[in-house]
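Raw data_19.pdb, PDB, C-alpha atoms:
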```pdb
ATOM      1  CA  MET A   1      87.289  95.040 124.583
ATOM      2  CA  VAL A   2      88.470  92.447 127.023
ATOM      3  CA  CYS A   3      89.627  93.939 130.308
ATOM      4  CA  GLY A   4      92.900  92.911 131.852
ATOM      5  CA  ASN A   5      94.423  91.501 128.659
ATOM      6  CA  SER A   6      98.092  92.509 128.575
ATOM      7  CA  LEU A   7      98.119  92.156 124.788
ATOM      8  CA  GLU A   8      95.293  94.668 124.526
ATOM      9  CA  SER A   9      97.358  97.345 126.247
ATOM     10  CA  SER A  10     100.196  96.761 123.758
ATOM     11  CA  TYR A  11      98.088  97.200 120.631
ATOM     12  CA  SER A  12      95.392  99.672 119.650
ATOM     13  CA  TRP A  13      93.153  97.017 118.069
ATOM     14  CA  ARG A  14      90.355  94.826 119.363
ATOM     15  CA  TRP A  15      91.347  91.295 120.272
ATOM     16  CA  PRO A  16      89.635  88.931 117.791
ATOM     17  CA  TRP A  17      88.269  86.352 120.221
ATOM     18  CA  PRO A  18      86.956  83.333 118.362
ATOM     19  CA  ALA A  19      83.214  82.843 118.001
ATOM     20  CA  SER A  20      81.887  79.872 119.920
ATOM     21  CA  SER A  21      81.834  77.830 116.708
ATOM     22  CA  ALA A  22      85.264  78.971 115.475
ATOM     23  CA  VAL A  23      88.322  76.713 115.536
ATOM     24  CA  VAL A  24      91.678  78.140 116.629
ATOM     25  CA  LEU A  25      94.120  76.471 114.267
ATOM     26  CA  LEU A  26      97.201  74.676 115.497
ATOM     27  CA  GLN A  27     100.413  76.464 114.503
ATOM     28  CA  LEU A  28     102.246  74.075 112.192
ATOM     29  CA  ASN A  29     105.904  73.877 111.270
ATOM     30  CA  PRO A  30     106.154  76.296 108.305
ATOM     31  CA  THR A  31     109.350  74.724 106.960
ATOM     32  CA  VAL A  32     107.652  71.331 106.632
ATOM     33  CA  LEU A  33     104.640  72.910 104.907
ATOM     34  CA  ASP A  34     106.878  75.018 102.661
ATOM     35  CA  THR A  35     109.096  72.184 101.488
ATOM     36  CA  THR A  36     106.932  69.049 101.497
ATOM     37  CA  TYR A  37     103.273  70.042 101.029
ATOM     38  CA  GLN A  38     101.217  71.194  98.073
ATOM     39  CA  SER A  39      97.551  72.036  97.644
ATOM     40  CA  SER A  40      94.995  69.520  96.479
ATOM     41  CA  ILE A  41      91.263  69.625  95.856
ATOM     42  CA  GLY A  42      89.175  69.953  99.025
ATOM     43  CA  ALA A  43      86.095  71.554 100.554
ATOM     44  CA  ALA A  44      85.775  75.346 100.820
ATOM     45  CA  ALA A  45      86.940  77.013 104.035
ATOM     46  CA  LEU A  46      87.666  80.467 105.459
ATOM     47  CA  ILE A  47      90.616  81.469 107.647
ATOM     48  CA  GLN A  48      91.015  84.679 109.641
ATOM     49  CA  PHE A  49      94.754  85.366 109.893
ATOM     50  CA  VAL A  50      95.649  87.450 112.998
ATOM     51  CA  ASN A  51      99.120  88.989 113.365
ATOM     52  CA  LEU A  52     100.369  88.901 116.985
ATOM     53  CA  GLU A  53     103.970  89.702 115.983
ATOM     54  CA  PRO A  54     105.593  93.107 116.640
ATOM     55  CA  PHE A  55     106.209  93.429 112.867
ATOM     56  CA  ALA A  56     104.247  93.004 109.633
ATOM     57  CA  VAL A  57     103.937  89.506 108.166
ATOM     58  CA  ASP A  58     103.515  88.150 104.634
ATOM     59  CA  ILE A  59     100.987  85.377 103.965
ATOM     60  CA  TYR A  60     101.741  82.755 101.301
ATOM     61  CA  TRP A  61      99.617  79.977  99.857
ATOM     62  CA  ILE A  62     101.433  76.782  98.821
ATOM     63  CA  ASN A  63      99.952  76.004  95.401
ATOM     64  CA  TYR A  64      99.286  72.761  93.496
ATOM     65  CA  THR A  65     102.935  72.449  92.398
ATOM     66  CA  GLY A  66     104.348  73.223  95.870
ATOM     67  CA  ASP A  67     105.336  76.812  95.070
ATOM     68  CA  ARG A  68     104.587  79.854  97.210
ATOM     69  CA  VAL A  69     102.037  82.401  96.042
ATOM     70  CA  SER A  70     102.038  85.745  97.871
ATOM     71  CA  HIS A  71      98.537  86.668  99.054
ATOM     72  CA  HIS A  72      98.597  89.409 101.655
ATOM     73  CA  THR A  73     100.698  91.480 104.044
ATOM     74  CA  ILE A  74      99.242  91.952 107.532
ATOM     75  CA  ALA A  75     100.256  94.996 109.573
ATOM     76  CA  ILE A  76     101.197  94.804 113.261
ATOM     77  CA  GLY A  77      98.042  93.836 115.166
ATOM     78  CA  GLY A  78      96.063  93.421 111.945
ATOM     79  CA  SER A  79      93.942  90.593 110.602
ATOM     80  CA  TYR A  80      92.175  89.576 107.429
ATOM     81  CA  PHE A  81      89.912  86.829 106.084
ATOM     82  CA  GLN A  82      91.116  84.501 103.338
ATOM     83  CA  GLY A  83      88.909  82.128 101.371
ATOM     84  CA  THR A  84      90.657  78.790 100.922
ATOM     85  CA  PHE A  85      90.128  75.032 100.945
ATOM     86  CA  ILE A  86      90.655  72.422 103.665
ATOM     87  CA  THR A  87      93.671  70.955 101.849
ATOM     88  CA  HIS A  88      95.487  74.220 101.083
ATOM     89  CA  PRO A  89      98.565  74.972 103.216
ATOM     90  CA  TRP A  90      99.399  78.549 104.235
ATOM     91  CA  ILE A  91     102.606  79.967 105.725
ATOM     92  CA  ALA A  92     103.468  83.273 107.369
ATOM     93  CA  ALA A  93     106.882  84.913 106.990
ATOM     94  CA  GLU A  94     108.369  88.071 108.423
ATOM     95  CA  PHE A  95     107.510  90.940 106.052
ATOM     96  CA  GLY A  96     109.988  91.228 103.203
ATOM     97  CA  SER A  97     112.036  88.163 104.161
ATOM     98  CA  GLY A  98     110.439  85.594 101.852
ATOM     99  CA  ASP A  99     109.600  87.628  98.755
ATOM    100  CA  THR A 100     110.273  84.720  96.463
ATOM    101  CA  PRO A 101     108.452  81.587  95.330
ATOM    102  CA  THR A 102     111.564  79.604  96.295
ATOM    103  CA  GLN A 103     110.894  77.077  99.039
ATOM    104  CA  GLY A 104     112.844  77.320 102.281
ATOM    105  CA  THR A 105     113.669  81.031 101.993
ATOM    106  CA  GLY A 106     112.781  83.859 104.352
ATOM    107  CA  LEU A 107     112.117  83.960 108.077
ATOM    108  CA  LEU A 108     109.203  81.528 108.321
ATOM    109  CA  LEU A 109     106.985  81.995 111.371
ATOM    110  CA  ASP A 110     103.971  79.671 111.328
ATOM    111  CA  GLY A 111     102.009  77.407 109.020
ATOM    112  CA  PHE A 112      98.316  76.539 108.892
ATOM    113  CA  LEU A 113      95.759  74.204 107.326
ATOM    114  CA  ALA A 114      92.046  75.064 107.606
ATOM    115  CA  GLN A 115      89.897  72.555 109.485
ATOM    116  CA  THR A 116      86.311  73.737 109.157
ATOM    117  CA  VAL A 117      84.261  73.290 105.980
ATOM    118  CA  ASN A 118      82.699  76.707 105.316
ATOM    119  CA  LEU A 119      80.942  76.552 101.937
ATOM    120  CA  ASN A 120      79.300  79.981 102.290
ATOM    121  CA  GLN A 121      82.487  81.711 103.555
ATOM    122  CA  THR A 122      80.662  82.843 106.716
ATOM    123  CA  THR A 123      83.044  84.990 108.803
ATOM    124  CA  ALA A 124      81.473  83.866 112.101
ATOM    125  CA  LEU A 125      82.478  80.284 111.218
ATOM    126  CA  ALA A 126      86.008  81.105 110.047
ATOM    127  CA  ASP A 127      88.960  79.197 111.468
ATOM    128  CA  ILE A 128      91.375  81.540 113.260
ATOM    129  CA  ALA A 129      95.114  81.451 112.567
ATOM    130  CA  TYR A 130      97.088  83.345 115.212
ATOM    131  CA  ILE A 131     100.537  84.262 113.877
ATOM    132  CA  GLY A 132     103.066  84.573 116.675
ATOM    133  CA  LEU A 133     103.294  83.505 120.267
ATOM    134  CA  LEU A 134      99.899  82.951 121.814
ATOM    135  CA  PRO A 135      99.069  84.704 125.074
ATOM    136  CA  SER A 136      97.940  82.288 127.789
ATOM    137  CA  SER A 137      94.366  83.596 127.586
ATOM    138  CA  VAL A 138      93.842  82.309 124.021
ATOM    139  CA  PRO A 139      91.998  78.966 123.846
ATOM    140  CA  GLU A 140      94.228  75.980 123.065
ATOM    141  CA  PRO A 141      94.217  74.998 119.372
ATOM    142  CA  SER A 142      92.472  71.809 118.391
ATOM    143  CA  VAL A 143      94.681  68.715 118.334
ATOM    144  CA  LEU A 144      92.454  67.023 115.763
ATOM    145  CA  LEU A 145      94.692  68.442 113.057
ATOM    146  CA  LEU A 146      97.609  66.298 114.259
ATOM    147  CA  SER A 147      95.912  63.131 113.142
ATOM    148  CA  LEU A 148      94.625  64.717 109.945
ATOM    149  CA  ALA A 149      97.965  66.214 108.938
ATOM    150  CA  GLY A 150     100.180  63.247 109.641
ATOM    151  CA  GLY A 151     101.804  63.666 113.010
ATOM    152  CA  ALA A 152     103.872  65.665 115.409
ATOM    153  CA  ALA A 153     106.635  66.638 112.952
ATOM    154  CA  LEU A 154     104.201  69.100 111.463
ATOM    155  CA  VAL A 155     103.529  70.890 114.765
ATOM    156  CA  SER A 156     105.481  74.067 115.365
ATOM    157  CA  THR A 157     107.292  74.260 118.702
ATOM    158  CA  ARG A 158     106.342  77.943 118.760
ATOM    159  CA  SER A 159     102.706  77.081 119.447
ATOM    160  CA  ARG A 160     103.613  75.686 122.860
ATOM    161  CA  LYS A 161     106.021  78.441 123.925
ATOM    162  CA  LYS A 162     103.484  80.913 125.242
ATOM    163  CA  ASN A 163     104.886  84.094 126.734
ATOM    164  CA  ALA A 164     108.412  82.891 126.010
ATOM    165  CA  GLY A 165     109.658  85.992 124.240
ATOM    166  CA  SER A 166     110.289  86.341 120.536
ATOM    167  CA  ALA A 167     112.771  83.507 119.908
ATOM    168  CA  ARG A 168     112.290  81.854 116.552
ATOM    169  CA  THR A 169     112.029  78.076 116.613
ATOM    170  CA  ALA A 170     110.411  75.732 114.142
TER     171      ALA A 170
END
```

Encoded form using structure tokens:
Amino acid sequence: MVCGNSLESSYSWRWPWPASSAVVLLQLNPTVLDTTYQSSIGAAALIQFVNLEPFAVDIYWINYTGDRVSHHTIAIGGSYFQGTFITHPWIAAEFGSGDTPTQGTGLLLDGFLAQTVNLNQTTALADIAYIGLLPSSVPEPSVLLLSLAGGAALVSTRSRKKNAGSARTA
């Protein structure tokens, strides 16, 4: 465990610090991903979703026709690994608020696109997707995704509001 981490004292789980080769994904605007993106063919990847919210969250994949597909619910302080592809968008919503394939519904929190090709689905090489406000001790997400994903409109304003409370902005 990491000493002196205020988040650690709030949760009874170990902080999933990224491996030296891991990429912390930029939190993207989930509404833009939900309403304008769809999956396409790309290289294999692996994402570790980490819930920093004080409530459970639902994880949705945006499929090839632009519809949501429910994949997992993550408990408070929980995490899980999801095999995916570089071009597949993912969104997180507050648990129970987006239980529909309909775009633009539910309390959307964050969106993500994997960055690292991971053909063997090696967990040590997984990209990390932090859901919720990042504590100041978490490494800054890579800005490479901005140029790959098409610009600043895709970036969530939440990713830059560290330690700013639980206000929802997108």

Exercise. Step by step, work through what the PyMOL selection byres ((chain A and resi 126) around 12) selects in the shown file, and finish by giving those residues as a count of residues only.
Key: 39

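Coordinates place atom CA of Leu52 of chain A at a distance of 19.4 Å from atom CA of Ser70 of chain A.
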
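Closest approach to Tyr60 of chain A among A:Tyr130, A:Phe95, A:Trp90, A:Tyr37: A:Trp90, based on only C-alpha atoms.
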
Quiz item: So how many Å separate atom CA of Pro30 of chain A and atom CA of Trp61 of chain A, to one decimal?
Solution: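 Going from atom CA of Pro30 of chain A over to atom CA of Trp61 of chain A covers 11.3 Å.
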
Exercise. Find the residues near Gln103 of chain A: any atom within 7 Å, counting all atoms listed in the file, skip ones fewer than 5 places away on the same chain, and give them as a ChimeraX atom specification.
Key: /A:34-35,67

File of the preceding selection, C-alpha atoms, as a CSV table (one decimal), in the frame of the given file:
```csv
chain,number,residue,atom,x,y,z
A,34,ASP,CA,106.9,75.0,102.7
A,35,THR,CA,109.1,72.2,101.5
A,67,ASP,CA,105.3,76.8,95.1
```

Practice problem: Just the residues within 7 Å of Leu109 of chain A, please, counting all atoms listed in the file, with nothing from its chain fewer than 4 positions along; format it as a list in words. | Solution: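 Answer for this query is Pro30, Ala92, Ala93 and Glu94 of chain A.
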
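Evaluated against this file, the PyMOL selection byres ((chain A and resi 104) around 12) yields Asn29, Pro30, Thr31, Val32, Leu33, Asp34, Thr35, Thr36, Ile62, Gly66, Asp67, Arg68, Ile91, Ala93, Ser97, Gly98, Asp99, Thr100, Pro101, Thr102, Gln103, Thr105, Gly106, Leu107, Leu108 and Leu109 of chain A.
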
Output for the residues just chosen: C-alpha atoms as a tab-separated table (two decimals), keeping the file's coordinate frame:
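Wrote it out as part21.tsv, contents follow:
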```tsv
chain	number	residue	atom	x	y	z
A	29	ASN	CA	105.90	73.88	111.27
A	30	PRO	CA	106.15	76.30	108.30
A	31	THR	CA	109.35	74.72	106.96
A	32	VAL	CA	107.65	71.33	106.63
A	33	LEU	CA	104.64	72.91	104.91
A	34	ASP	CA	106.88	75.02	102.66
A	35	THR	CA	109.10	72.18	101.49
A	36	THR	CA	106.93	69.05	101.50
A	62	ILE	CA	101.43	76.78	98.82
A	66	GLY	CA	104.35	73.22	95.87
A	67	ASP	CA	105.34	76.81	95.07
A	68	ARG	CA	104.59	79.85	97.21
A	91	ILE	CA	102.61	79.97	105.72
A	93	ALA	CA	106.88	84.91	106.99
A	97	SER	CA	112.04	88.16	104.16
A	98	GLY	CA	110.44	85.59	101.85
A	99	ASP	CA	109.60	87.63	98.76
A	100	THR	CA	110.27	84.72	96.46
A	101	PRO	CA	108.45	81.59	95.33
A	102	THR	CA	111.56	79.60	96.30
A	103	GLN	CA	110.89	77.08	99.04
A	105	THR	CA	113.67	81.03	101.99
A	106	GLY	CA	112.78	83.86	104.35
A	107	LEU	CA	112.12	83.96	108.08
A	108	LEU	CA	109.20	81.53	108.32
A	109	LEU	CA	106.98	82.00	111.37
```

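If you look at atom CA of Ser40 of chain A and atom CA of Gly96 of chain A, they are 27.2 Å away from each other.
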
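Proximity of A:Ala43, A:Val69, A:Ile131, A:Leu113 to Ala56 of chain A, computed with only C-alpha atoms, is greatest for A:Ile131.
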
Self-check item: Among the residues A:Tyr64, A:Ser79, A:Gly132, A:Thr87, the one that comes closest to Gln38 of chain A [using all atoms listed in the file]
Solution: A:Tyr64
